[in-house]
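**Student:** Data: entry_10.pdb, PDB, C-alpha atoms, pLDDT in the B column.
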ATOM      1  CA  MET A   1    -102.759  95.377 -20.521  1.00 53.00           C
ATOM      2  CA  PRO A   2    -102.698  98.987 -21.853  1.00 57.00           C
ATOM      3  CA  LYS A   3    -102.810  99.589 -25.578  1.00 58.00           C
ATOM      4  CA  ALA A   4     -99.524 100.551 -27.224  1.00 53.00           C
ATOM      5  CA  LYS A   5     -99.294 104.071 -28.569  1.00 60.00           C
ATOM      6  CA  ALA A   6     -98.020 104.658 -32.089  1.00 57.00           C
ATOM      7  CA  ALA A   7     -94.617 105.725 -30.694  1.00 63.00           C
ATOM      8  CA  ASP A   8     -94.407 102.494 -28.685  1.00 66.00           C
ATOM      9  CA  LYS A   9     -94.831 100.205 -31.678  1.00 67.00           C
ATOM     10  CA  VAL A  10     -91.983  97.927 -32.600  1.00 62.00           C
ATOM     11  CA  ILE A  11     -90.545  98.762 -35.991  1.00 61.00           C
ATOM     12  CA  ASP A  12     -90.931  95.826 -38.318  1.00 64.00           C
ATOM     13  CA  THR A  13     -87.206  95.402 -38.994  1.00 74.00           C
ATOM     14  CA  ALA A  14     -84.405  93.364 -37.529  1.00 83.00           C
ATOM     15  CA  TYR A  15     -82.967  94.510 -34.208  1.00 88.00           C
ATOM     16  CA  VAL A  16     -79.364  95.567 -33.973  1.00 90.00           C
ATOM     17  CA  THR A  17     -77.889  93.669 -31.057  1.00 92.00           C
ATOM     18  CA  ALA A  18     -74.846  94.252 -28.891  1.00 92.00           C
ATOM     19  CA  ALA A  19     -72.970  91.919 -26.554  1.00 94.00           C
ATOM     20  CA  TYR A  20     -71.674  93.355 -23.282  1.00 93.00           C
ATOM     21  CA  VAL A  21     -67.870  93.191 -23.108  1.00 91.00           C
ATOM     22  CA  GLN A  22     -66.648  95.381 -20.245  1.00 89.00           C
ATOM     23  CA  ARG A  23     -67.407  98.523 -18.199  1.00 91.00           C
ATOM     24  CA  GLY A  24     -64.892 100.570 -20.177  1.00 91.00           C
ATOM     25  CA  GLU A  25     -63.142 102.525 -17.430  1.00 95.00           C
ATOM     26  CA  ALA A  26     -59.907 101.047 -18.752  1.00 96.00           C
ATOM     27  CA  LEU A  27     -59.267  99.779 -22.263  1.00 96.00           C
ATOM     28  CA  ASP A  28     -56.640  97.537 -23.806  1.00 96.00           C
ATOM     29  CA  TYR A  29     -54.096  99.508 -25.813  1.00 97.00           C
ATOM     30  CA  ARG A  30     -51.362  98.068 -28.037  1.00 97.00           C
ATOM     31  CA  ASN A  31     -48.090  99.986 -28.052  1.00 98.00           C
ATOM     32  CA  THR A  32     -47.244 100.196 -31.758  1.00 97.00           C
ATOM     33  CA  THR A  33     -44.098 102.276 -31.155  1.00 96.00           C
ATOM     34  CA  GLU A  34     -40.530 101.121 -30.606  1.00 97.00           C
ATOM     35  CA  LYS A  35     -40.374 102.801 -27.161  1.00 97.00           C
ATOM     36  CA  GLU A  36     -41.824 101.658 -23.870  1.00 98.00           C
ATOM     37  CA  ILE A  37     -44.789 103.786 -22.817  1.00 98.00           C
ATOM     38  CA  PRO A  38     -44.270 104.787 -19.174  1.00 98.00           C
ATOM     39  CA  GLU A  39     -46.920 104.428 -16.481  1.00 98.00           C
ATOM     40  CA  ASP A  40     -49.158 107.528 -16.249  1.00 97.00           C
ATOM     41  CA  ALA A  41     -48.318 108.664 -19.803  1.00 97.00           C
ATOM     42  CA  VAL A  42     -51.021 110.741 -21.474  1.00 96.00           C
ATOM     43  CA  LEU A  43     -52.076 108.869 -24.623  1.00 96.00           C
ATOM     44  CA  VAL A  44     -54.275 109.992 -27.483  1.00 93.00           C
ATOM     45  CA  ILE A  45     -56.631 107.336 -28.812  1.00 93.00           C
ATOM     46  CA  GLY A  46     -58.539 108.708 -31.775  1.00 91.00           C
ATOM     47  CA  ASN A  47     -60.191 111.878 -30.485  1.00 92.00           C
ATOM     48  CA  ARG A  48     -59.932 110.778 -26.832  1.00 94.00           C
ATOM     49  CA  VAL A  49     -57.287 110.988 -24.145  1.00 96.00           C
ATOM     50  CA  GLY A  50     -56.399 108.169 -21.761  1.00 97.00           C
ATOM     51  CA  ILE A  51     -53.742 107.591 -19.104  1.00 98.00           C
ATOM     52  CA  ALA A  52     -51.455 104.536 -19.221  1.00 98.00           C
ATOM     53  CA  GLY A  53     -52.227 102.318 -16.231  1.00 97.00           C
ATOM     54  CA  GLY A  54     -48.735 100.823 -16.235  1.00 98.00           C
ATOM     55  CA  LYS A  55     -45.672 100.469 -18.423  1.00 98.00           C
ATOM     56  CA  ILE A  56     -46.528  99.192 -21.912  1.00 98.00           C
ATOM     57  CA  PRO A  57     -43.575  97.567 -23.718  1.00 98.00           C
ATOM     58  CA  PRO A  58     -43.295  97.919 -27.512  1.00 98.00           C
ATOM     59  CA  GLY A  59     -45.709  95.612 -29.337  1.00 97.00           C
ATOM     60  CA  GLN A  60     -47.523  94.655 -26.139  1.00 98.00           C
ATOM     61  CA  LEU A  61     -51.022  95.283 -24.813  1.00 98.00           C
ATOM     62  CA  GLY A  62     -51.440  97.471 -21.777  1.00 98.00           C
ATOM     63  CA  SER A  63     -54.202  99.110 -19.799  1.00 97.00           C
ATOM     64  CA  VAL A  64     -55.275 102.709 -20.418  1.00 98.00           C
ATOM     65  CA  HIS A  65     -57.582 104.554 -18.012  1.00 98.00           C
ATOM     66  CA  MET A  66     -60.367 106.351 -19.909  1.00 97.00           C
ATOM     67  CA  VAL A  67     -62.227 107.774 -16.915  1.00 97.00           C
ATOM     68  CA  GLY A  68     -61.144 109.180 -13.586  1.00 97.00           C
ATOM     69  CA  VAL A  69     -59.428 112.260 -12.194  1.00 98.00           C
ATOM     70  CA  PHE A  70     -55.704 112.695 -12.875  1.00 98.00           C
ATOM     71  CA  ARG A  71     -53.123 115.338 -11.980  1.00 98.00           C
ATOM     72  CA  VAL A  72     -51.725 116.508 -15.337  1.00 98.00           C
ATOM     73  CA  LYS A  73     -49.049 119.040 -16.220  1.00 97.00           C
ATOM     74  CA  LYS A  74     -50.526 122.332 -17.409  1.00 97.00           C
ATOM     75  CA  SER A  75     -49.559 123.717 -20.784  1.00 94.00           C
ATOM     76  CA  GLY A  76     -48.896 127.404 -20.236  1.00 89.00           C
ATOM     77  CA  GLY A  77     -49.524 129.347 -17.075  1.00 89.00           C
ATOM     78  CA  ALA A  78     -53.169 130.337 -17.422  1.00 92.00           C
ATOM     79  CA  ALA A  79     -55.500 130.057 -14.452  1.00 96.00           C
ATOM     80  CA  ILE A  80     -58.095 127.332 -14.929  1.00 97.00           C
ATOM     81  CA  GLU A  81     -61.477 127.352 -13.199  1.00 98.00           C
ATOM     82  CA  GLN A  82     -63.170 124.225 -11.854  1.00 98.00           C
ATOM     83  CA  GLY A  83     -65.446 122.792 -14.540  1.00 98.00           C
ATOM     84  CA  GLU A  84     -63.582 124.496 -17.404  1.00 98.00           C
ATOM     85  CA  GLU A  85     -63.219 122.376 -20.554  1.00 98.00           C
ATOM     86  CA  LEU A  86     -59.652 121.282 -21.262  1.00 98.00           C
ATOM     87  CA  ILE A  87     -57.704 120.040 -24.260  1.00 96.00           C
ATOM     88  CA  PHE A  88     -54.465 118.086 -24.544  1.00 96.00           C
ATOM     89  CA  ASP A  89     -52.121 120.029 -26.810  1.00 94.00           C
ATOM     90  CA  GLY A  90     -49.237 117.577 -26.936  1.00 93.00           C
ATOM     91  CA  THR A  91     -47.427 119.107 -23.953  1.00 94.00           C
ATOM     92  CA  GLY A  92     -50.114 119.206 -21.275  1.00 95.00           C
ATOM     93  CA  ALA A  93     -53.630 120.258 -20.335  1.00 97.00           C
ATOM     94  CA  ALA A  94     -54.794 123.673 -21.538  1.00 96.00           C
ATOM     95  CA  PRO A  95     -58.058 125.617 -21.501  1.00 96.00           C
ATOM     96  CA  ALA A  96     -60.138 124.605 -24.528  1.00 94.00           C
ATOM     97  CA  GLY A  97     -60.988 128.194 -25.396  1.00 85.00           C
ATOM     98  CA  GLY A  98     -57.528 129.707 -24.975  1.00 68.00           C
ATOM     99  CA  SER A  99     -54.124 129.501 -26.551  1.00 48.00           C
ATOM    100  CA  SER A 100     -51.307 127.547 -24.987  1.00 45.00           C
ATOM    101  CA  SER A 101     -47.623 127.088 -25.495  1.00 43.00           C
ATOM    102  CA  GLY A 102     -47.987 123.454 -26.592  1.00 41.00           C
ATOM    103  CA  GLY A 103     -47.611 121.924 -29.991  1.00 39.00           C
ATOM    104  CA  GLU A 104     -44.567 121.079 -32.053  1.00 34.00           C
ATOM    105  CA  THR A 105     -41.040 121.198 -30.720  1.00 30.00           C
ATOM    106  CA  ALA A 106     -37.950 122.094 -32.725  1.00 29.00           C
ATOM    107  CA  ASP A 107     -37.630 118.535 -34.031  1.00 30.00           C
ATOM    108  CA  GLY A 108     -41.254 118.476 -35.240  1.00 32.00           C
ATOM    109  CA  GLU A 109     -42.571 116.143 -32.546  1.00 33.00           C
ATOM    110  CA  THR A 110     -44.837 116.769 -29.601  1.00 36.00           C
ATOM    111  CA  GLY A 111     -44.432 115.547 -26.042  1.00 40.00           C
ATOM    112  CA  GLY A 112     -47.195 113.242 -24.907  1.00 44.00           C
ATOM    113  CA  GLU A 113     -46.384 111.972 -21.447  1.00 42.00           C
ATOM    114  CA  THR A 114     -46.824 113.866 -18.226  1.00 39.00           C
ATOM    115  CA  GLY A 115     -43.189 113.071 -17.421  1.00 38.00           C
ATOM    116  CA  GLY A 116     -41.963 115.347 -20.233  1.00 37.00           C
ATOM    117  CA  GLU A 117     -40.272 112.745 -22.457  1.00 40.00           C
ATOM    118  CA  ALA A 118     -40.964 112.559 -26.191  1.00 39.00           C
ATOM    119  CA  GLY A 119     -44.479 111.251 -26.732  1.00 45.00           C
ATOM    120  CA  SER A 120     -45.665 107.999 -28.219  1.00 45.00           C
ATOM    121  CA  GLU A 121     -46.739 107.860 -31.848  1.00 45.00           C
ATOM    122  CA  ALA A 122     -50.342 108.410 -30.767  1.00 48.00           C
ATOM    123  CA  ALA A 123     -49.519 111.349 -28.505  1.00 44.00           C
ATOM    124  CA  ALA A 124     -47.128 112.871 -31.036  1.00 46.00           C
ATOM    125  CA  ALA A 125     -49.974 113.200 -33.517  1.00 47.00           C
ATOM    126  CA  ALA A 126     -52.131 114.994 -30.960  1.00 44.00           C
ATOM    127  CA  VAL A 127     -52.670 118.709 -30.896  1.00 72.00           C
ATOM    128  CA  HIS A 128     -55.867 120.127 -29.412  1.00 89.00           C
ATOM    129  CA  VAL A 129     -57.608 116.865 -28.479  1.00 94.00           C
ATOM    130  CA  PRO A 130     -60.531 117.185 -26.024  1.00 96.00           C
ATOM    131  CA  MET A 131     -59.274 116.020 -22.621  1.00 97.00           C
ATOM    132  CA  GLY A 132     -62.156 116.556 -20.203  1.00 97.00           C
ATOM    133  CA  TYR A 133     -62.697 119.268 -17.628  1.00 98.00           C
ATOM    134  CA  ALA A 134     -60.934 120.710 -14.583  1.00 98.00           C
ATOM    135  CA  ALA A 135     -61.956 118.809 -11.448  1.00 98.00           C
ATOM    136  CA  ALA A 136     -60.578 121.680  -9.337  1.00 98.00           C
ATOM    137  CA  SER A 137     -59.391 125.219  -9.997  1.00 98.00           C
ATOM    138  CA  SER A 138     -55.702 125.721 -10.799  1.00 98.00           C
ATOM    139  CA  GLY A 139     -54.022 129.103 -10.316  1.00 97.00           C
ATOM    140  CA  THR A 140     -51.537 130.885 -12.566  1.00 95.00           C
ATOM    141  CA  GLY A 141     -48.634 129.692 -10.410  1.00 92.00           C
ATOM    142  CA  ASP A 142     -49.714 126.038 -10.430  1.00 97.00           C
ATOM    143  CA  ALA A 143     -47.804 123.616 -12.665  1.00 97.00           C
ATOM    144  CA  THR A 144     -50.598 121.018 -12.742  1.00 97.00           C
ATOM    145  CA  VAL A 145     -54.361 120.738 -12.948  1.00 98.00           C
ATOM    146  CA  LEU A 146     -56.745 117.972 -11.887  1.00 98.00           C
ATOM    147  CA  VAL A 147     -58.409 116.647 -15.035  1.00 98.00           C
ATOM    148  CA  LYS A 148     -61.628 114.615 -15.079  1.00 98.00           C
ATOM    149  CA  LEU A 149     -61.469 112.330 -18.098  1.00 97.00           C
ATOM    150  CA  PRO A 150     -64.922 111.946 -19.640  1.00 93.00           C
ATOM    151  CA  GLY A 151     -64.448 108.432 -20.993  1.00 85.00           C
TER     152      GLY A 151
END
Spit out the file's structure as structure tokens when you get a sec.

**Tutor:**
Amino acid sequence: MPKAKAADKVIDTAYVTAAYVQRGEALDYRNTTEKEIPEDAVLVIGNRVGIAGGKIPPGQLGSVHMVGVFRVKKSGGAAIEQGEELIFDGTGAAPAGGSSSGGETADGETGGETGGEAGSEAAAAAVHVPMGYAAASSGTGDATVLVKLPG
């Protein structure tokens, strides 16, 4: 058996362990609002974006996709190149390095779902949250962009 190098030595402390729970492509999400979250709604979870896998009634757990490619409404009319980093600005996907027309509406809230309705509490708090990158180019006349969620 080969001798262990100094870098290969086991540190003489307790190991931190972890128990496998799930793959993580979809996560449980509790709707803490008083409105039903519609299927395919863009949700902000901390500094991440996920897509509701189905309707989530108030107070209930639902599934949120954290990885995958989704067609999302663009915020603003800028052309987006494949591979370009995107943010969620409360109204849609926008280039991470550019300005967009998203943000607060006249009543002080932001829209969070791709369907255009008022957003959930989580989405309403979101402005400029990293969303992922463009899975395909989207021209200036296109209303949507394919977004690859990073997980």

**Student:** Report as a list of chain:residue names all protein, DNA and RNA residues lying within 6 Å of A:Lys74, evaluated on all atoms listed in the file, omitting residues in the same chain fewer than 2 positions from it.

**Tutor:**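 Listed by chain and then number, they are A:Gly92, A:Ala93, A:Ala143, A:Thr144.
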
**Student:** Got a sec: who's within 10 Å of A:Gly151, counting all atoms listed in the file, leaving out chain neighbours fewer than 2 positions off, as a list in words?

**Tutor:**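 Once the adjacent positions are removed, what remains is Gly24, Glu25, Ala26, Arg48, Val49, Gly50, His65, Met66, Val67, Gly68, Met131, Gly132, Lys148 and Leu149 of chain A.
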
**Student:** Rounded to one decimal in Å, what is the spacing between atom CA of A:Asp142 and atom CA of A:Glu84?

**Tutor:**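 Between atom CA of A:Asp142 and atom CA of A:Glu84 the gap works out to 15.6 Å.
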
**Student:** From the list A:Ala96, A:Ile87, A:Val69, A:Leu43, which residue is nearest A:Ala135 when using only C-alpha atoms?

**Tutor:**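 Smallest distance to A:Ala135 is found for A:Val69.
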
**Student:** Quote the spacing between atom CA of A:Val129 and atom CA of A:Ala18 in Å to one decimal place.

**Tutor:**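 Answer for the atom CA of A:Val129 to atom CA of A:Ala18 separation: 28.4 Å.
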
**Student:** I'd like to know which of A:Ser137, A:Gln60, A:Ser75, A:Thr32 is closest to A:Thr91, using all atoms listed in the file.

**Tutor:**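 Ranked by minimum distance to A:Thr91, first place goes to A:Ser75.
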
**Student:** Show which residues sit within 8 Å of A:Ala136, as number ranges by chain. Count all atoms listed in the file, and ignore same-chain residues fewer than 4 positions away.

**Tutor:** A: 81-83, 145-147

**Student:** Rounded to one decimal, what separation in Å do you get between atom CA of A:Glu39 and atom CA of A:Lys55?

**Tutor:** 4.6 Å

**Student:** For the provided coordinates, the residues matched by the PyMOL selection byres ((chain A and resi 38) around 7) should be stated as an NGL selection string.

**Tutor:** :A and (36-37 or 39-41 or 54-56)

**Student:** Looking at all atoms listed in the file, which of A:Val64, A:Ala79, A:Gln22, A:Pro150 is the one that sits closest to A:Ala52?

**Tutor:**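 Ranking A:Val64, A:Ala79, A:Gln22, A:Pro150 by distance to A:Ala52, first place goes to A:Val64.
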
**Student:** As a check of understanding, name the residues that the PyMOL selection byres ((chain A and resi 78) around 9) selects in the supplied structure, as a PyMOL selection string.

**Tutor:** chain A and resi 74-77+79-80+94-95+98+100+138-142
